[in-house]
$ cat query_28.tsv   # TSV, N, CA and C atoms and all ligand atoms
chain	number	residue	atom	x	y	z
G	294	MET	N	-11.59	-9.00	32.16
G	294	MET	CA	-11.67	-10.45	32.18
G	294	MET	C	-12.72	-10.95	31.19
G	295	GLY	N	-12.33	-11.90	30.35
G	295	GLY	CA	-13.28	-12.46	29.42
G	295	GLY	C	-14.06	-13.59	30.05
G	296	ARG	N	-15.00	-14.12	29.32
G	296	ARG	CA	-15.74	-15.27	29.81
G	296	ARG	C	-14.90	-16.51	29.56
G	297	SER	N	-15.22	-17.54	30.30
G	297	SER	CA	-14.45	-18.76	30.13
G	297	SER	C	-15.21	-19.75	29.27
G	298	CYS	N	-14.47	-20.71	28.77
G	298	CYS	CA	-15.02	-21.75	27.91
G	298	CYS	C	-16.15	-22.49	28.62
G	299	SER	N	-17.18	-22.81	27.88
G	299	SER	CA	-18.35	-23.45	28.49
G	299	SER	C	-18.22	-24.97	28.56
G	300	ARG	N	-17.15	-25.51	27.96
G	300	ARG	CA	-16.99	-26.96	28.01
G	300	ARG	C	-16.64	-27.40	29.42
G	301	THR	N	-17.22	-28.51	29.81
G	301	THR	CA	-17.00	-29.03	31.15
G	301	THR	C	-15.52	-29.29	31.39
G	302	GLY	N	-15.04	-28.77	32.48
G	302	GLY	CA	-13.66	-29.03	32.86
G	302	GLY	C	-12.65	-28.14	32.18
G	303	CYS	N	-13.10	-27.25	31.31
G	303	CYS	CA	-12.16	-26.37	30.62
G	303	CYS	C	-12.20	-25.00	31.27
G	304	ARG	N	-11.04	-24.48	31.59
G	304	ARG	CA	-10.97	-23.19	32.26
G	304	ARG	C	-10.34	-22.13	31.39
G	305	GLN	N	-10.20	-22.43	30.09
G	305	GLN	CA	-9.58	-21.45	29.20
G	305	GLN	C	-10.53	-20.28	28.95
G	306	ILE	N	-9.95	-19.15	28.59
G	306	ILE	CA	-10.76	-17.98	28.24
G	306	ILE	C	-11.40	-18.22	26.88
G	307	ALA	N	-12.69	-17.91	26.79
G	307	ALA	CA	-13.40	-18.11	25.52
G	307	ALA	C	-12.97	-17.08	24.49
G	308	THR	N	-12.82	-17.55	23.25
G	308	THR	CA	-12.46	-16.63	22.16
G	308	THR	C	-13.52	-16.64	21.06
G	309	LYS	N	-14.40	-17.64	21.09
G	309	LYS	CA	-15.43	-17.76	20.06
G	309	LYS	C	-16.76	-18.06	20.73
G	310	THR	N	-17.81	-17.75	20.01
G	310	THR	CA	-19.14	-18.12	20.49
G	310	THR	C	-19.80	-19.01	19.46
G	311	LEU	N	-20.26	-20.14	19.94
G	311	LEU	CA	-20.97	-21.09	19.08
G	311	LEU	C	-22.45	-20.96	19.37
G	312	THR	N	-23.20	-20.67	18.33
G	312	THR	CA	-24.65	-20.48	18.49
G	312	THR	C	-25.38	-21.54	17.70
G	313	TYR	N	-26.27	-22.25	18.35
G	313	TYR	CA	-27.06	-23.27	17.67
G	313	TYR	C	-28.38	-22.66	17.21
G	314	ILE	N	-28.66	-22.81	15.93
G	314	ILE	CA	-29.95	-22.38	15.40
G	314	ILE	C	-30.71	-23.66	15.10
G	315	TYR	N	-31.48	-24.09	16.09
G	315	TYR	CA	-32.10	-25.41	16.01
G	315	TYR	C	-33.07	-25.53	14.83
G	316	ALA	N	-33.77	-24.45	14.53
G	316	ALA	CA	-34.76	-24.50	13.47
G	316	ALA	C	-34.14	-24.86	12.12
G	317	ASP	N	-32.87	-24.42	11.92
G	317	ASP	CA	-32.22	-24.65	10.63
G	317	ASP	C	-31.13	-25.71	10.71
G	318	SER	N	-30.95	-26.31	11.88
G	318	SER	CA	-29.87	-27.27	12.08
G	318	SER	C	-28.53	-26.66	11.65
G	319	VAL	N	-28.32	-25.45	12.11
G	319	VAL	CA	-27.10	-24.74	11.76
G	319	VAL	C	-26.40	-24.33	13.05
G	320	ALA	N	-25.09	-24.49	13.06
G	320	ALA	CA	-24.28	-24.00	14.17
G	320	ALA	C	-23.39	-22.89	13.63
G	321	VAL	N	-23.44	-21.75	14.26
G	321	VAL	CA	-22.65	-20.62	13.80
G	321	VAL	C	-21.51	-20.39	14.79
G	322	LEU	N	-20.30	-20.49	14.28
G	322	LEU	CA	-19.13	-20.24	15.12
G	322	LEU	C	-18.58	-18.87	14.73
G	323	GLY	N	-18.67	-17.94	15.64
G	323	GLY	CA	-18.23	-16.58	15.31
G	323	GLY	C	-17.41	-15.98	16.43
G	324	PRO	N	-17.06	-14.72	16.25
G	324	PRO	CA	-16.31	-14.03	17.30
G	324	PRO	C	-17.09	-14.03	18.60
G	325	LEU	N	-16.41	-13.92	19.68
G	325	LEU	CA	-17.04	-13.95	20.99
G	325	LEU	C	-18.16	-12.93	21.05
G	326	ALA	N	-19.34	-13.42	21.42
G	326	ALA	CA	-20.50	-12.53	21.49
G	326	ALA	C	-20.34	-11.56	22.65
G	327	THR	N	-20.88	-10.37	22.46
G	327	THR	CA	-20.77	-9.37	23.51
G	327	THR	C	-21.56	-9.79	24.74
G	328	PHE	N	-22.73	-10.36	24.51
G	328	PHE	CA	-23.56	-10.81	25.61
G	328	PHE	C	-23.80	-12.31	25.49
G	329	ALA	N	-23.89	-12.96	26.63
G	329	ALA	CA	-24.22	-14.39	26.61
G	329	ALA	C	-25.68	-14.52	26.20
G	330	GLU	N	-25.94	-15.37	25.24
G	330	GLU	CA	-27.30	-15.55	24.75
G	330	GLU	C	-27.72	-16.99	24.95
G	331	PRO	N	-29.02	-17.24	24.99
G	331	PRO	CA	-29.47	-18.62	25.07
G	331	PRO	C	-29.05	-19.39	23.82
G	332	HIS	N	-28.75	-20.63	23.95
G	332	HIS	CA	-28.31	-21.48	22.84
G	332	HIS	C	-26.95	-21.05	22.30
G	333	ALA	N	-26.26	-20.21	23.02
G	333	ALA	CA	-24.92	-19.82	22.59
G	333	ALA	C	-23.92	-20.31	23.62
G	334	TYR	N	-22.84	-20.85	23.13
G	334	TYR	CA	-21.84	-21.42	24.01
G	334	TYR	C	-20.50	-20.79	23.70
G	335	ASP	N	-19.87	-20.27	24.73
G	335	ASP	CA	-18.55	-19.68	24.56
G	335	ASP	C	-17.51	-20.78	24.55
G	336	LEU	N	-16.62	-20.70	23.58
G	336	LEU	CA	-15.58	-21.72	23.45
G	336	LEU	C	-14.20	-21.10	23.42
G	337	CYS	N	-13.24	-21.81	23.98
G	337	CYS	CA	-11.86	-21.36	23.89
G	337	CYS	C	-11.33	-21.73	22.50
G	338	GLU	N	-10.10	-21.32	22.22
G	338	GLU	CA	-9.51	-21.56	20.91
G	338	GLU	C	-9.47	-23.06	20.58
G	339	VAL	N	-9.05	-23.85	21.56
G	339	VAL	CA	-8.93	-25.29	21.34
G	339	VAL	C	-10.28	-25.92	21.04
G	340	HIS	N	-11.27	-25.60	21.87
G	340	HIS	CA	-12.56	-26.23	21.69
G	340	HIS	C	-13.31	-25.69	20.48
G	341	SER	N	-13.01	-24.45	20.06
G	341	SER	CA	-13.68	-23.95	18.85
G	341	SER	C	-13.14	-24.67	17.62
G	342	VAL	N	-11.89	-25.11	17.69
G	342	VAL	CA	-11.33	-25.87	16.57
G	342	VAL	C	-11.86	-27.31	16.59
G	343	ARG	N	-11.95	-27.85	17.80
G	343	ARG	CA	-12.35	-29.26	17.92
G	343	ARG	C	-13.85	-29.46	17.92
G	344	MET	N	-14.62	-28.37	17.95
G	344	MET	CA	-16.05	-28.52	18.13
G	344	MET	C	-16.68	-29.31	16.99
G	345	SER	N	-17.71	-30.05	17.34
G	345	SER	CA	-18.42	-30.82	16.34
G	345	SER	C	-19.91	-30.59	16.52
G	346	VAL	N	-20.65	-30.85	15.50
G	346	VAL	CA	-22.09	-30.62	15.56
G	346	VAL	C	-22.79	-31.94	15.27
G	347	PRO	N	-24.05	-32.03	15.64
G	347	PRO	CA	-24.78	-33.27	15.35
G	347	PRO	C	-24.78	-33.57	13.85
G	348	ARG	N	-24.87	-34.85	13.53
G	348	ARG	CA	-24.92	-35.28	12.13
G	348	ARG	C	-26.04	-34.56	11.38
G	349	GLY	N	-25.72	-34.07	10.19
G	349	GLY	CA	-26.72	-33.39	9.40
G	349	GLY	C	-26.77	-31.88	9.63
G	350	TRP	N	-26.02	-31.43	10.62
G	350	TRP	CA	-25.97	-30.00	10.88
G	350	TRP	C	-24.93	-29.32	10.01
G	351	THR	N	-25.15	-28.05	9.78
G	351	THR	CA	-24.20	-27.25	9.01
G	351	THR	C	-23.48	-26.31	9.96
G	352	VAL	N	-22.18	-26.17	9.72
G	352	VAL	CA	-21.40	-25.23	10.54
G	352	VAL	C	-21.07	-24.01	9.69
G	353	ILE	N	-21.37	-22.87	10.20
G	353	ILE	CA	-20.99	-21.63	9.52
G	353	ILE	C	-19.95	-20.94	10.39
G	354	LYS	N	-18.80	-20.69	9.81
G	354	LYS	CA	-17.75	-20.02	10.58
G	354	LYS	C	-17.68	-18.56	10.14
G	355	GLN	N	-17.97	-17.70	11.07
G	355	GLN	CA	-17.93	-16.27	10.78
G	355	GLN	C	-16.54	-15.75	11.09
G	356	GLU	N	-15.94	-15.13	10.11
G	356	GLU	CA	-14.66	-14.50	10.36
G	356	GLU	C	-14.90	-13.09	10.87
G	357	PRO	N	-13.96	-12.56	11.63
G	357	PRO	CA	-14.12	-11.19	12.13
G	357	PRO	C	-14.25	-10.21	10.96
G	358	GLU	N	-14.85	-9.08	11.22
G	358	GLU	CA	-14.98	-8.06	10.19
G	358	GLU	C	-13.60	-7.67	9.68
G	359	ALA	N	-13.58	-7.23	8.42
G	359	ALA	CA	-12.30	-6.94	7.78
G	359	ALA	C	-11.49	-5.91	8.57
G	360	ASP	N	-12.19	-4.93	9.12
G	360	ASP	CA	-11.42	-3.86	9.80
G	360	ASP	C	-10.97	-4.29	11.19
G	361	HIS	N	-11.35	-5.49	11.59
G	361	HIS	CA	-10.84	-5.99	12.87
G	361	HIS	C	-9.64	-6.91	12.67
G	362	VAL	N	-9.34	-7.20	11.43
G	362	VAL	CA	-8.22	-8.08	11.13
G	362	VAL	C	-6.94	-7.24	11.09
G	363	GLY	N	-5.83	-7.88	11.22
G	363	GLY	CA	-4.55	-7.17	11.20
G	363	GLY	C	-4.27	-6.56	9.84
G	364	PRO	N	-3.03	-6.16	9.63
G	364	PRO	CA	-2.67	-5.53	8.36
G	364	PRO	C	-2.93	-6.45	7.18
G	365	SER	N	-3.33	-5.88	6.07
G	365	SER	CA	-3.57	-6.68	4.87
G	365	SER	C	-2.23	-7.13	4.30
G	366	SER	N	-2.30	-8.01	3.30
G	366	SER	CA	-1.06	-8.49	2.71
G	366	SER	C	-0.32	-7.34	2.03
G	367	ASP	N	-1.08	-6.37	1.48
G	367	ASP	CA	-0.42	-5.21	0.88
G	367	ASP	C	0.37	-4.44	1.93
G	368	ASP	N	-0.25	-4.26	3.09
G	368	ASP	CA	0.44	-3.55	4.15
G	368	ASP	C	1.70	-4.29	4.56
G	369	LEU	N	1.58	-5.62	4.65
G	369	LEU	CA	2.74	-6.41	5.06
G	369	LEU	C	3.87	-6.29	4.05
G	370	MET	N	3.49	-6.27	2.75
G	370	MET	CA	4.52	-6.13	1.72
G	370	MET	C	5.21	-4.78	1.85
G	371	ALA	N	4.42	-3.73	2.13
G	371	ALA	CA	5.00	-2.40	2.29
G	371	ALA	C	5.96	-2.37	3.46
G	372	ILE	N	5.57	-3.03	4.55
G	372	ILE	CA	6.44	-3.08	5.73
G	372	ILE	C	7.72	-3.85	5.40
G	373	ALA	N	7.54	-4.97	4.69
G	373	ALA	CA	8.71	-5.78	4.31
G	373	ALA	C	9.66	-4.98	3.45
G	374	ASP	N	9.09	-4.21	2.50
G	374	ASP	CA	9.94	-3.38	1.63
G	374	ASP	C	10.70	-2.35	2.46
G	375	ALA	N	10.00	-1.74	3.40
G	375	ALA	CA	10.63	-0.71	4.23
G	375	ALA	C	11.79	-1.31	5.03
G	376	ILE	N	11.56	-2.51	5.56
G	376	ILE	CA	12.61	-3.16	6.36
G	376	ILE	C	13.79	-3.50	5.46
G	377	ARG	N	13.49	-4.01	4.25
G	377	ARG	CA	14.54	-4.39	3.33
G	377	ARG	C	15.38	-3.16	2.96
G	378	GLU	N	14.70	-2.05	2.69
G	378	GLU	CA	15.43	-0.83	2.34
G	378	GLU	C	16.32	-0.39	3.48
G	379	ALA	N	15.77	-0.45	4.70
G	379	ALA	CA	16.54	-0.03	5.87
G	379	ALA	C	17.75	-0.95	6.04
G	380	GLY	N	17.56	-2.24	5.78
G	380	GLY	CA	18.62	-3.21	5.97
G	380	GLY	C	19.74	-3.08	4.95
G	381	THR	N	19.41	-2.61	3.74
G	381	THR	CA	20.42	-2.52	2.70
G	381	THR	C	20.98	-1.12	2.55
G	382	ALA	N	20.45	-0.18	3.30
G	382	ALA	CA	20.94	1.20	3.20
G	382	ALA	C	22.40	1.23	3.63
G	383	PRO	N	23.20	2.04	2.96
G	383	PRO	CA	24.61	2.13	3.33
G	383	PRO	C	24.74	2.59	4.78
G	384	VAL	N	25.50	1.85	5.54
G	384	VAL	CA	25.67	2.19	6.95
G	384	VAL	C	27.08	2.69	7.16
G	385	THR	N	27.19	3.87	7.61
G	385	THR	CA	28.50	4.43	7.88
G	385	THR	C	28.52	4.95	9.30
G	386	ARG	N	29.39	4.37	10.10
G	386	ARG	CA	29.50	4.84	11.48
G	386	ARG	C	30.64	5.83	11.57
G	387	GLU	N	30.35	7.01	11.91
G	387	GLU	CA	31.40	8.00	12.03
G	387	GLU	C	31.52	8.42	13.48
G	388	GLU	N	32.67	8.10	14.06
G	388	GLU	CA	32.90	8.48	15.45
G	388	GLU	C	34.26	9.14	15.52
G	389	ASN	N	34.29	10.33	16.04
G	389	ASN	CA	35.55	11.07	16.18
G	389	ASN	C	36.26	11.18	14.84
G	390	ASP	N	35.50	11.43	13.81
G	390	ASP	CA	36.03	11.61	12.47
G	390	ASP	C	36.66	10.35	11.90
G	391	VAL	N	36.45	9.24	12.54
G	391	VAL	CA	36.98	7.99	12.01
G	391	VAL	C	35.83	7.19	11.41
G	392	VAL	N	35.93	6.87	10.17
G	392	VAL	CA	34.90	6.08	9.52
G	392	VAL	C	35.24	4.61	9.72
G	393	VAL	N	34.40	3.92	10.43
G	393	VAL	CA	34.65	2.51	10.73
G	393	VAL	C	33.96	1.67	9.68
G	394	ARG	N	34.71	0.99	8.88
G	394	ARG	CA	34.11	0.16	7.85
G	394	ARG	C	34.62	-1.28	7.91
G	395	GLN	N	35.41	-1.57	8.93
G	395	GLN	CA	35.96	-2.92	9.00
G	395	GLN	C	34.88	-3.92	9.36
G	396	PRO	N	34.89	-5.06	8.72
G	396	PRO	CA	33.97	-6.12	9.14
G	396	PRO	C	34.26	-6.51	10.58
G	397	ILE	N	33.21	-6.89	11.29
G	397	ILE	CA	33.34	-7.21	12.71
G	397	ILE	C	34.33	-8.36	12.92
G	398	GLN	N	34.32	-9.35	12.02
G	398	GLN	CA	35.21	-10.51	12.17
G	398	GLN	C	36.67	-10.06	12.29
G	399	GLN	N	37.10	-9.17	11.39
G	399	GLN	CA	38.49	-8.75	11.40
G	399	GLN	C	38.80	-7.88	12.60
G	400	ASP	N	37.75	-7.30	13.17
G	400	ASP	CA	37.95	-6.37	14.27
G	400	ASP	C	38.21	-7.09	15.58
G	401	LEU	N	37.87	-8.38	15.64
G	401	LEU	CA	38.07	-9.14	16.87
G	401	LEU	C	39.56	-9.22	17.19
G	402	GLY	N	39.88	-9.12	18.45
G	402	GLY	CA	41.27	-9.26	18.85
G	402	GLY	C	42.04	-7.96	18.78
G	403	ARG	N	41.41	-6.94	18.29
G	403	ARG	CA	42.12	-5.67	18.22
G	403	ARG	C	41.30	-4.57	18.85
G	404	ARG	N	40.69	-4.87	19.95
G	404	ARG	CA	39.88	-3.86	20.60
G	404	ARG	C	40.58	-3.38	21.84
G	405	GLY	N	41.41	-2.37	21.69
G	405	GLY	CA	42.08	-1.80	22.84
G	405	GLY	C	42.85	-2.84	23.61
G	406	HIS	N	42.66	-2.86	24.91
G	406	HIS	CA	43.40	-3.80	25.73
G	406	HIS	C	42.73	-5.16	25.82
G	407	LEU	N	41.54	-5.26	25.23
G	407	LEU	CA	40.87	-6.56	25.25
G	407	LEU	C	41.25	-7.33	24.00
G	408	ARG	N	41.70	-8.54	24.16
G	408	ARG	CA	42.10	-9.35	23.02
G	408	ARG	C	41.32	-10.66	23.03
G	409	ALA	N	40.77	-10.99	21.88
G	409	ALA	CA	40.15	-12.30	21.75
G	409	ALA	C	41.21	-13.25	21.23
G	410	ILE	N	41.28	-14.41	21.80
G	410	ILE	CA	42.29	-15.39	21.38
G	410	ILE	C	41.65	-16.34	20.37
G	411	PRO	N	42.15	-16.30	19.13
G	411	PRO	CA	41.57	-17.19	18.11
G	411	PRO	C	41.82	-18.64	18.46
G	412	ASN	N	40.96	-19.52	18.04
G	412	ASN	CA	41.14	-20.96	18.27
G	412	ASN	C	42.32	-21.47	17.46
K	1	ZN	ZN	-12.28	-24.99	26.13
$ encode --input "query_28.tsv" --output "C-alpha cells"
Amino acid sequence: MGRSCSRTGCRQIATKTLTYIYADSVAVLGPLATFAEPHAYDLCEVHSVRMSVPRGWTVIKQEPEADHVGPSSDDLMAIADAIREAGTAPVTREENDVVVRQPIQQDLGRRGHLRAIPN
C-alpha cells in the first residue's frame, strides 16, 4: 500500500512528493519519496499536475532516473519492426496436407454444414 495524497479531501494514492525548500523558495516535485520528510507533501497524479507554488517560487520537476523509465524510443522501434516483420511474414496454414490460402471473405458460407446467408 502506498501513501495517500496529502491534499485535504483527496484519497488518491500519492505518486509524487513535493518538497518545499523554504530557504531558496524552491519547490521540488519528484518521484514519491521513500520516507515521509518534513516539508514534503505526497501528491497524487492529479494534484501533482495541478499543484501551484507561492508567487516568486521556482518549481523543479525531477524526472525518474533513466533506468526506471520504460523502453527507450530505440527499443520501441525495434519492437515495432519485429511486429511488422511478424505481420508481413508469409502465413501458410497447412492442415491435413491442404494448404488454405482462401481469403476469409470468400470462405464464408462454405463451412461444412454451417452456411452464412449473404445480405
Ligand atoms: Zn490528490
$ closest_residue --input "query_28.tsv" --among "G:Met370, G:Ala326, G:Ala320, G:Leu311" --to "G:Val346" --atoms "all atoms listed in the file"
G:Ala320
$ closest_residue --input "query_28.tsv" --among "G:His340, G:Lys309, G:Lys354, G:His332" --to "ligand ZN 1 (chain K)" --atoms "only N, CA and C atoms and all ligand atoms"
G:His340
$ select_by_dssp --input "query_28.tsv" --residues "stretch 318-371 of chain G" --states "strand (DSSP E or B)" --output "PyMOL selection string"
chain G and resi 319-324+333-336+351-354
$ residues_near_ligand --input "query_28.tsv" --ligand "ligand ZN 1 (chain K)" --cutoff "12 Å" --atoms "only C-alpha atoms and all ligand atoms" --output "list of chain:residue names"
G:Arg296, G:Ser297, G:Cys298, G:Ser299, G:Arg300, G:Thr301, G:Gly302, G:Cys303, G:Arg304, G:Gln305, G:Ile306, G:Ala307, G:Thr308, G:Lys309, G:Thr310, G:Leu311, G:Tyr334, G:Asp335, G:Leu336, G:Cys337, G:Glu338, G:Val339, G:His340, G:Ser341, G:Val342, G:Arg343, G:Met344
$ atom_distance --input "query_28.tsv" --atom1 "atom CA of G:Gly349" --atom2 "atom C of G:Tyr313"
13.4 Å
$ residues_around --input "query_28.tsv" --residues "G:Ile353" --least-positions-apart "3" --cutoff "7 Å" --atoms "all atoms listed in the file" --output "ChimeraX atom specification"
/G:319-323
$ atom_distance --input "query_28.tsv" --atom1 "atom CA of G:Glu378" --atom2 "atom N of G:Ser366"
19.2 Å
$ residues_around --input "query_28.tsv" --residues "G:Asp317" --least-positions-apart "3" --cutoff "7 Å" --atoms "all atoms listed in the file" --output "JSON, numbers by chain"
{"G": [314, 320, 350, 351]}
$ atom_distance --input "query_28.tsv" --atom1 "atom C of G:Arg348" --atom2 "atom CA of G:Thr312"
15.8 Å
$ axis_aligned_box --input "query_28.tsv" --around "stretch 324-330 of chain G" --padding-each-side "6 Å" --output "JSON"
{"center_x": -22.0, "center_y": -13.2, "center_z": 21.4, "size_x": 23.4, "size_y": 19.6, "size_z": 22.4}
$ select_by_dssp --input "query_28.tsv" --residues "stretch 310-378 of chain G" --states "alpha helix (DSSP H)" --output "PDB file with N, CA and C atoms, in the frame of the given file"
ATOM      1  N   GLU G 338     -10.100 -21.320  22.220  1.00  0.00           N
ATOM      2  CA  GLU G 338      -9.510 -21.560  20.910  1.00  0.00           C
ATOM      3  C   GLU G 338      -9.470 -23.060  20.580  1.00  0.00           C
ATOM      4  N   VAL G 339      -9.050 -23.850  21.560  1.00  0.00           N
ATOM      5  CA  VAL G 339      -8.930 -25.290  21.340  1.00  0.00           C
ATOM      6  C   VAL G 339     -10.280 -25.920  21.040  1.00  0.00           C
ATOM      7  N   HIS G 340     -11.270 -25.600  21.870  1.00  0.00           N
ATOM      8  CA  HIS G 340     -12.560 -26.230  21.690  1.00  0.00           C
ATOM      9  C   HIS G 340     -13.310 -25.690  20.480  1.00  0.00           C
ATOM     10  N   SER G 341     -13.010 -24.450  20.060  1.00  0.00           N
ATOM     11  CA  SER G 341     -13.680 -23.950  18.850  1.00  0.00           C
ATOM     12  C   SER G 341     -13.140 -24.670  17.620  1.00  0.00           C
ATOM     13  N   VAL G 342     -11.890 -25.110  17.690  1.00  0.00           N
ATOM     14  CA  VAL G 342     -11.330 -25.870  16.570  1.00  0.00           C
ATOM     15  C   VAL G 342     -11.860 -27.310  16.590  1.00  0.00           C
ATOM     16  N   ARG G 343     -11.950 -27.850  17.800  1.00  0.00           N
ATOM     17  CA  ARG G 343     -12.350 -29.260  17.920  1.00  0.00           C
ATOM     18  C   ARG G 343     -13.850 -29.460  17.920  1.00  0.00           C
ATOM     19  N   SER G 366      -2.300  -8.010   3.300  1.00  0.00           N
ATOM     20  CA  SER G 366      -1.060  -8.490   2.710  1.00  0.00           C
ATOM     21  C   SER G 366      -0.320  -7.340   2.030  1.00  0.00           C
ATOM     22  N   ASP G 367      -1.080  -6.370   1.480  1.00  0.00           N
ATOM     23  CA  ASP G 367      -0.420  -5.210   0.880  1.00  0.00           C
ATOM     24  C   ASP G 367       0.370  -4.440   1.930  1.00  0.00           C
ATOM     25  N   ASP G 368      -0.250  -4.260   3.090  1.00  0.00           N
ATOM     26  CA  ASP G 368       0.440  -3.550   4.150  1.00  0.00           C
ATOM     27  C   ASP G 368       1.700  -4.290   4.560  1.00  0.00           C
ATOM     28  N   LEU G 369       1.580  -5.620   4.650  1.00  0.00           N
ATOM     29  CA  LEU G 369       2.740  -6.410   5.060  1.00  0.00           C
ATOM     30  C   LEU G 369       3.870  -6.290   4.050  1.00  0.00           C
ATOM     31  N   MET G 370       3.490  -6.270   2.750  1.00  0.00           N
ATOM     32  CA  MET G 370       4.520  -6.130   1.720  1.00  0.00           C
ATOM     33  C   MET G 370       5.210  -4.780   1.850  1.00  0.00           C
ATOM     34  N   ALA G 371       4.420  -3.730   2.130  1.00  0.00           N
ATOM     35  CA  ALA G 371       5.000  -2.400   2.290  1.00  0.00           C
ATOM     36  C   ALA G 371       5.960  -2.370   3.460  1.00  0.00           C
ATOM     37  N   ILE G 372       5.570  -3.030   4.550  1.00  0.00           N
ATOM     38  CA  ILE G 372       6.440  -3.080   5.730  1.00  0.00           C
ATOM     39  C   ILE G 372       7.720  -3.850   5.400  1.00  0.00           C
ATOM     40  N   ALA G 373       7.540  -4.970   4.690  1.00  0.00           N
ATOM     41  CA  ALA G 373       8.710  -5.780   4.310  1.00  0.00           C
ATOM     42  C   ALA G 373       9.660  -4.980   3.450  1.00  0.00           C
ATOM     43  N   ASP G 374       9.090  -4.210   2.500  1.00  0.00           N
ATOM     44  CA  ASP G 374       9.940  -3.380   1.630  1.00  0.00           C
ATOM     45  C   ASP G 374      10.700  -2.350   2.460  1.00  0.00           C
ATOM     46  N   ALA G 375      10.000  -1.740   3.400  1.00  0.00           N
ATOM     47  CA  ALA G 375      10.630  -0.710   4.230  1.00  0.00           C
ATOM     48  C   ALA G 375      11.790  -1.310   5.030  1.00  0.00           C
ATOM     49  N   ILE G 376      11.560  -2.510   5.560  1.00  0.00           N
ATOM     50  CA  ILE G 376      12.610  -3.160   6.360  1.00  0.00           C
ATOM     51  C   ILE G 376      13.790  -3.500   5.460  1.00  0.00           C
ATOM     52  N   ARG G 377      13.490  -4.010   4.250  1.00  0.00           N
ATOM     53  CA  ARG G 377      14.540  -4.390   3.330  1.00  0.00           C
ATOM     54  C   ARG G 377      15.380  -3.160   2.960  1.00  0.00           C
ATOM     55  N   GLU G 378      14.700  -2.050   2.690  1.00  0.00           N
ATOM     56  CA  GLU G 378      15.430  -0.830   2.340  1.00  0.00           C
ATOM     57  C   GLU G 378      16.320  -0.390   3.480  1.00  0.00           C
TER      58      GLU G 378
END
